[in-house]
Amino acid sequence: MAEELNVTIPARLSEVRELSSMVEAFGDANGLPDPKVFVINLALDELITNTVTHGLEDKADAEIRIRMRVRADTLILVMEDNGQPFDPTRDTNADVTSSLEERSIGGLGLHLVKSFADRVAYEFVGGRNRLTMEHDLTRA
Amino acid sequence: MDIEVAEERDGGALVLLPIGRLDSANARSFESIVMERVGSGEQRLLVDFSRLNFISSSGMRVLLMAAKKLHASQGKLVLCAMPDHIHEVFRISGFDQIIPIRDTRESALADA
């Protein structure tokens, strides 16, 4: 059975570094191509930023749980947090077309997460946000 | 967390080369460097991506701020030497439509 990643981190931006090293090790163990490891780390950076900046309201015990595994040519990434309920799959307001003067950065992170994933699903279960992302590994 | 940024003067332009990762952990550090240079009057700014292997929207936000500020003062920001995986992020973000991206330092200098 391929190696899995299962880690719980405090909800802080500084945690993305150590997490990215763990994702790289997971990628090596599972033979994932570098571009796939990159988009997974990108998604985690965006989602953790989103949770830390918008979802916590200074919650001292805020934590983020990340699980990753490969099943039948699909990479499954599950991220849970105990912040405010927030469904990122419903947020579709990224501005990717207006002029330089008018351009806003809001929503871009989640737009990237959704653009790179093949499937994204959200649930609120047991007081936690749970986002499940799937990446097909057969696709180039 | 601080980012390491190499700086070079090339022609009349200031070239910034962020090194390693530009992510949510060090975007503030990058912001203070870039906006200090723009604020002190640099009008032709190049960001060379040849030594960068990761960027997230936190870092792209800084580039957007700089591009807007330079545009308002008739200056210009040009990006160059971007790895393919980062170029794809700029394309999906529509950033390639508002900030010039050139393959090489030379062509970026010609445009800046």
# chains A, B, ... in the order shown; residues from 1 in each chain; ligands from 1
>>> interface_residues(of="chain B", to="chain A", cutoff="12 Å", atoms="only C-alpha atoms", output="MDAnalysis selection string")
chainID B and resid 1:2 20:28 53:72 76:77 83:100
>>> write_last_selection(atoms="C-alpha atoms", output="compact mmCIF listing (two decimals), in the first residue's frame")
# COMPACT_ATOMS: atom_id res chain seq x y z
CA MET B 1 9.51 34.91 7.49
CA ASP B 2 11.92 36.76 5.20
CA GLY B 20 13.02 29.69 -3.69
CA ARG B 21 9.42 30.08 -2.56
CA LEU B 22 7.14 33.11 -2.60
CA ASP B 23 4.20 31.95 -0.51
CA SER B 24 1.82 33.03 2.21
CA ALA B 25 4.62 32.68 4.79
CA ASN B 26 6.93 35.29 3.20
CA ALA B 27 4.73 37.40 0.91
CA ARG B 28 4.76 40.29 3.42
CA ASN B 53 10.14 27.50 -7.90
CA PHE B 54 6.88 28.30 -6.08
CA ILE B 55 4.38 31.15 -5.98
CA SER B 56 0.85 31.39 -4.55
CA SER B 57 -1.76 34.14 -4.80
CA SER B 58 -0.21 35.83 -1.74
CA GLY B 59 2.88 36.56 -3.83
CA MET B 60 0.88 37.42 -6.95
CA ARG B 61 -1.00 40.03 -4.92
CA VAL B 62 2.29 41.88 -4.37
CA LEU B 63 3.03 41.88 -8.12
CA LEU B 64 -0.46 43.22 -8.84
CA MET B 65 0.02 46.04 -6.31
CA ALA B 66 3.37 46.96 -7.85
CA ALA B 67 2.01 46.82 -11.41
CA LYS B 68 -0.88 49.12 -10.48
CA LYS B 69 1.34 51.61 -8.72
CA LEU B 70 3.88 51.70 -11.56
CA HIS B 71 1.15 52.00 -14.17
CA ALA B 72 -0.28 55.01 -12.32
CA LYS B 76 6.24 49.52 -15.88
CA LEU B 77 6.55 46.08 -14.34
CA PRO B 83 9.06 28.26 -15.19
CA ASP B 84 6.20 26.53 -17.07
CA HIS B 85 4.30 25.50 -13.93
CA ILE B 86 4.28 29.09 -12.64
CA HIS B 87 3.36 30.49 -16.06
CA GLU B 88 0.29 28.24 -16.00
CA VAL B 89 -0.81 29.79 -12.69
CA PHE B 90 -0.48 33.28 -14.20
CA ARG B 91 -2.49 32.18 -17.24
CA ILE B 92 -5.32 30.66 -15.15
CA SER B 93 -5.38 33.84 -13.06
CA GLY B 94 -5.63 36.06 -16.13
CA PHE B 95 -2.50 37.85 -14.93
CA ASP B 96 -0.84 37.25 -18.29
CA GLN B 97 -3.40 39.70 -19.73
CA ILE B 98 -2.46 42.57 -17.42
CA ILE B 99 1.25 42.13 -16.63
CA PRO B 100 3.71 41.50 -19.48
>>> select_by_dssp(residues="chain B", states="strand (DSSP E or B)", output="JSON, numbers by chain")
{"B": [4, 5, 6, 7, 8, 9, 10, 13, 14, 15, 16, 17, 18, 19, 20, 21, 22, 44, 45, 46, 47, 48, 52, 53, 54, 55, 76, 77, 78, 79, 80, 101, 102]}
>>> write_last_selection(atoms="N, CA and C atoms", output="compact mmCIF listing (two decimals), in the first residue's frame")
# COMPACT_ATOMS: atom_id res chain seq x y z
N GLU B 4 14.52 35.74 0.41
CA GLU B 4 15.78 36.20 -0.14
C GLU B 4 15.53 36.69 -1.57
N VAL B 5 15.96 37.93 -1.84
CA VAL B 5 15.75 38.51 -3.17
C VAL B 5 17.08 39.09 -3.65
N ALA B 6 17.58 38.57 -4.77
CA ALA B 6 18.77 39.15 -5.38
C ALA B 6 18.34 40.37 -6.19
N GLU B 7 19.20 41.38 -6.23
CA GLU B 7 18.88 42.60 -6.97
C GLU B 7 20.00 42.92 -7.93
N GLU B 8 19.64 43.27 -9.16
CA GLU B 8 20.64 43.63 -10.15
C GLU B 8 20.16 44.87 -10.90
N ARG B 9 21.09 45.64 -11.34
CA ARG B 9 20.78 46.79 -12.17
C ARG B 9 21.13 46.39 -13.61
N ASP B 10 20.17 46.51 -14.52
CA ASP B 10 20.41 46.06 -15.90
C ASP B 10 19.83 47.14 -16.83
N ALA B 13 16.94 49.51 -15.74
CA ALA B 13 15.89 48.82 -14.97
C ALA B 13 16.46 48.17 -13.71
N LEU B 14 15.62 48.07 -12.70
CA LEU B 14 15.97 47.30 -11.51
C LEU B 14 15.40 45.90 -11.69
N VAL B 15 16.26 44.90 -11.54
CA VAL B 15 15.83 43.50 -11.68
C VAL B 15 15.81 42.85 -10.31
N LEU B 16 14.66 42.32 -9.93
CA LEU B 16 14.54 41.58 -8.66
C LEU B 16 14.43 40.09 -8.99
N LEU B 17 15.22 39.28 -8.28
CA LEU B 17 15.16 37.82 -8.45
C LEU B 17 14.82 37.18 -7.10
N PRO B 18 13.52 36.96 -6.85
CA PRO B 18 13.16 36.25 -5.63
C PRO B 18 13.65 34.80 -5.71
N ILE B 19 14.09 34.27 -4.57
CA ILE B 19 14.75 32.96 -4.58
C ILE B 19 13.93 31.96 -3.77
N GLY B 20 13.69 30.79 -4.40
CA GLY B 20 13.02 29.69 -3.69
C GLY B 20 11.52 29.78 -3.77
N ARG B 21 10.88 30.05 -2.64
CA ARG B 21 9.42 30.08 -2.56
C ARG B 21 8.91 31.48 -2.24
N LEU B 22 7.84 31.88 -2.94
CA LEU B 22 7.14 33.11 -2.60
C LEU B 22 5.71 32.69 -2.25
N ARG B 44 11.21 51.42 -13.86
CA ARG B 44 11.29 50.22 -14.72
C ARG B 44 11.71 49.05 -13.84
N LEU B 45 10.77 48.20 -13.55
CA LEU B 45 11.02 47.09 -12.64
C LEU B 45 10.82 45.76 -13.37
N LEU B 46 11.82 44.89 -13.27
CA LEU B 46 11.72 43.53 -13.80
C LEU B 46 11.72 42.56 -12.64
N VAL B 47 10.85 41.57 -12.69
CA VAL B 47 10.98 40.47 -11.73
C VAL B 47 11.33 39.24 -12.55
N ASP B 48 12.52 38.72 -12.28
CA ASP B 48 13.07 37.56 -12.99
C ASP B 48 12.75 36.31 -12.15
N LEU B 52 12.97 31.15 -8.87
CA LEU B 52 11.79 30.91 -8.05
C LEU B 52 11.15 29.59 -8.47
N ASN B 53 10.80 28.75 -7.51
CA ASN B 53 10.14 27.50 -7.90
C ASN B 53 8.70 27.37 -7.39
N PHE B 54 8.26 28.36 -6.58
CA PHE B 54 6.88 28.30 -6.08
C PHE B 54 6.34 29.70 -5.89
N ILE B 55 5.08 29.90 -6.29
CA ILE B 55 4.38 31.15 -5.98
C ILE B 55 2.91 30.82 -5.72
N LYS B 76 6.64 50.82 -15.35
CA LYS B 76 6.24 49.52 -15.88
C LYS B 76 6.88 48.36 -15.11
N LEU B 77 6.07 47.34 -14.90
CA LEU B 77 6.55 46.08 -14.34
C LEU B 77 6.50 45.03 -15.43
N VAL B 78 7.61 44.31 -15.63
CA VAL B 78 7.65 43.21 -16.59
C VAL B 78 8.21 41.98 -15.89
N LEU B 79 7.63 40.83 -16.17
CA LEU B 79 8.08 39.57 -15.57
C LEU B 79 8.80 38.75 -16.63
N CYS B 80 9.77 37.95 -16.20
CA CYS B 80 10.48 37.13 -17.20
C CYS B 80 11.01 35.84 -16.60
N ILE B 101 4.65 39.27 -19.61
CA ILE B 101 5.53 38.16 -19.23
C ILE B 101 6.38 37.82 -20.46
N ARG B 102 7.69 37.90 -20.31
CA ARG B 102 8.58 37.62 -21.44
C ARG B 102 9.44 36.40 -21.13
>>> residues_around(residues="range 73-76 of chain A", least_positions_apart="6", cutoff="6 Å", atoms="only C-alpha atoms", output="VMD selection string")
chain A and resid 133 to 137
>>> select_by_dssp(residues="range 28-78 of chain A", states="helix (DSSP H, G or I)", output="PyMOL selection string")
chain A and resi 28-29+34-54
>>> residues_around(residues="Phe124 in chain A", least_positions_apart="5", cutoff="10 Å", atoms="only C-alpha atoms", output="PyMOL selection string")
chain A and resi 80-82+84-87+129-131
>>> closest_residue(among="A:Leu32, A:Ala11, A:Leu5, A:Ala72", to="Lys59 in chain A", atoms="only C-alpha atoms")
A:Ala11
>>> residues_around(residues="Met79 in chain A", least_positions_apart="3", cutoff="7 Å", atoms="only C-alpha atoms", output="list in words")
Ile64, Arg65, Ile66, Arg67, Arg130, Leu131 and Thr132 of chain A
>>> write_last_selection(atoms="C-alpha atoms", output="short mmCIF file (atom, residue, chain, number, x, y, z; two decimals), in the first residue's frame")
data_model
loop_
_atom_site.label_atom_id
_atom_site.label_comp_id
_atom_site.auth_asym_id
_atom_site.auth_seq_id
_atom_site.Cartn_x
_atom_site.Cartn_y
_atom_site.Cartn_z
CA ILE A 64 -6.10 22.10 10.29
CA ARG A 65 -6.03 18.41 9.50
CA ILE A 66 -4.71 17.21 6.17
CA ARG A 67 -4.98 13.72 4.77
CA ARG A 130 -14.20 19.35 5.31
CA LEU A 131 -13.02 19.92 1.76
CA THR A 132 -12.26 16.90 -0.42
#
